[in-house]
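Data first, discussion second: the structure below is written as structure tokens.
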Amino acid sequence: MPVVASYVYRDGQRVREAPLTAEGLVLKADEFVWIGLFDPTDAEIDVLVQRFKLHPLAVEDALVAHQMPKVEVYGRELFVVARTALKVDDRIAYGETHVFVGDDHVVSIRHGSARAHSLLRAQLEASPLQLKKGPDFVLHGILDFIVDAYSPIVDDAEDSVLEMEQRTLDAFLARVEIRRLFTLRRELLKFRRILGPMEEVLGRLQSLDLPCIDPDVRPYFRDVGDHVRRVNSRLGGLNDILSSVFEVANLLEQQRQGVITRKLASWAALLAVPTAIAGIYGMNFEFMPELHWRYGYAYVLSLIAAVCAALYVTFKKTKWL
């Protein structure tokens, strides 16, 4: 169902369920409603537009999705877009959460996010002294819930990067491992493009005089912003490690190619001596040194063996073989 949860709160306590009807959304002066939607229909959005006078531009963004993190102000209404992230295999799956915040309502709309807000709602309801602060504290809870999912992604990426770094030092990377490195690098760069706007969103919420945001709630947004900055900083370090892994892998590959080239050159030099001597004696000239000598054949073979042995010892000392 698109409507995940819709409840009315008073003094930090849940008082009743709020159906998405004109009668169900009638509130008293000291109440606010928190409505959670997942890929809502146009009819459900129309009810909210009529009841809370949501701005058409914000509603269009919420329905179309594919938005970057941002904060927009429409009169006494705040419209906040946040991006969710979840690690799936070697890729990061992204979703969106759009939040309308007014004096007496919070409407959260999720697109493509698998993490429901049921656990978050239970945590906030377990702290009525905090929840009684109102819709702005619920907005903080939603953003904190989203940002908390960023850290496990970075933790997993760190483990993968460090494992690849050690693997690079121990042995040469296979094709599948190199492909995984490029995939991970691309995913982390894309993730950083999300974190930048998220920092700006939280910076505005903590520093600007925005409607529906009480001054005593701003420090909570600063705390969430610090989490985003730490994640972003860790990602920067991971990108540096990934770059070093690429460089080390390239240097080791060049070293391996150099060793192979030297070995081929050494064996070519060893084979060149008997080839040259055998080629000369295969010309069938009438006058050749030691051609009619009784021990000429043994002498030539001994000469080949001696020269090859001398070259072999020389190449071994220079570690070309």
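Note on naming: chains are A, B, ... as they come in the structure tokens, residues start from 1 per chain, ligands start from 1 in the order shown.
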Produce a table with one row for each residue of region 51-164 of chain A that has an atom at most 7 Å from any atom of region 217-241 of chain A, each row naming the nearest atom pair and its distance in Å at one decimal; use only C-alpha atoms; arrange rows by chain and rising residue number; format as CSV.
residue,atom,partner,partner_atom,distance
A:Phe137,CA,A:Val217,CA,6.6
A:His140,CA,A:Phe221,CA,6.2
A:Asp144,CA,A:Val224,CA,5.7
A:Val147,CA,A:Val228,CA,6.7
A:Ser151,CA,A:Val231,CA,6.4
A:Val154,CA,A:Leu235,CA,6.9
A:Glu158,CA,A:Leu238,CA,6.7
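What separates CA of Gln166 (chain A) from CA of Glu187 (chain A) is a distance of 20.8 Å.
Minimum distance to Ala29 (chain A) across A:Phe52, A:Val99, A:Asp104, A:Thr275 (counting only C-alpha atoms) occurs at A:Asp104.
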Checklist entry - So, counting only C-alpha atoms, which residue among A:Leu78, A:Ile178, A:Ile153, A:Val26 is closest to Pro135 (chain A)? => result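 Result for the nearest residue to Pro135 (chain A): A:Leu78.
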Next on the checklist: Taking only region 66-255 of chain A into account, list the residues labelled strand (DSSP E) by DSSP (computed from the backbone), as JSON, numbers by chain.
Outcome noted: {"A": [70, 71, 72, 73, 74, 77, 78, 79, 80, 81, 82, 83, 84, 85, 86, 87, 88, 91, 92, 93, 94, 95, 96, 97, 98, 99, 100, 101, 105, 106, 107, 108, 109, 110, 111]}
Resulting file, chosen residues, C-alpha atoms, as a compact mmCIF listing (two decimals), in the first residue's frame:
# COMPACT_ATOMS: atom_id res chain seq x y z
CA LYS A 70 17.85 20.31 -1.77
CA VAL A 71 15.81 22.56 0.51
CA GLU A 72 13.11 24.83 -0.86
CA VAL A 73 10.85 27.28 0.96
CA TYR A 74 7.25 27.93 -0.10
CA GLU A 77 6.18 25.22 3.97
CA LEU A 78 9.54 23.49 3.69
CA PHE A 79 10.25 20.98 0.95
CA VAL A 80 13.33 18.81 1.55
CA VAL A 81 14.78 16.21 -0.78
CA ALA A 82 17.26 13.64 0.53
CA ARG A 83 18.92 10.72 -1.26
CA THR A 84 18.99 7.28 0.30
CA ALA A 85 21.75 4.76 -0.42
CA LEU A 86 22.06 1.03 0.13
CA LYS A 87 24.90 -1.34 -0.84
CA VAL A 88 23.76 -4.16 -3.13
CA ARG A 91 26.93 -1.42 -6.45
CA ILE A 92 25.09 1.26 -4.51
CA ALA A 93 21.33 1.45 -5.01
CA TYR A 94 19.88 4.93 -4.60
CA GLY A 95 16.43 6.11 -3.64
CA GLU A 96 14.81 9.38 -2.67
CA THR A 97 12.85 10.71 0.28
CA HIS A 98 10.84 13.88 -0.17
CA VAL A 99 9.61 15.62 2.96
CA PHE A 100 6.99 18.36 3.26
CA VAL A 101 7.23 20.12 6.60
CA HIS A 105 2.28 18.25 9.43
CA VAL A 106 5.14 16.14 8.10
CA VAL A 107 4.64 14.25 4.86
CA SER A 108 7.45 11.89 3.88
CA ILE A 109 7.36 10.33 0.41
CA ARG A 110 9.78 7.53 -0.43
CA HIS A 111 10.79 6.54 -3.96
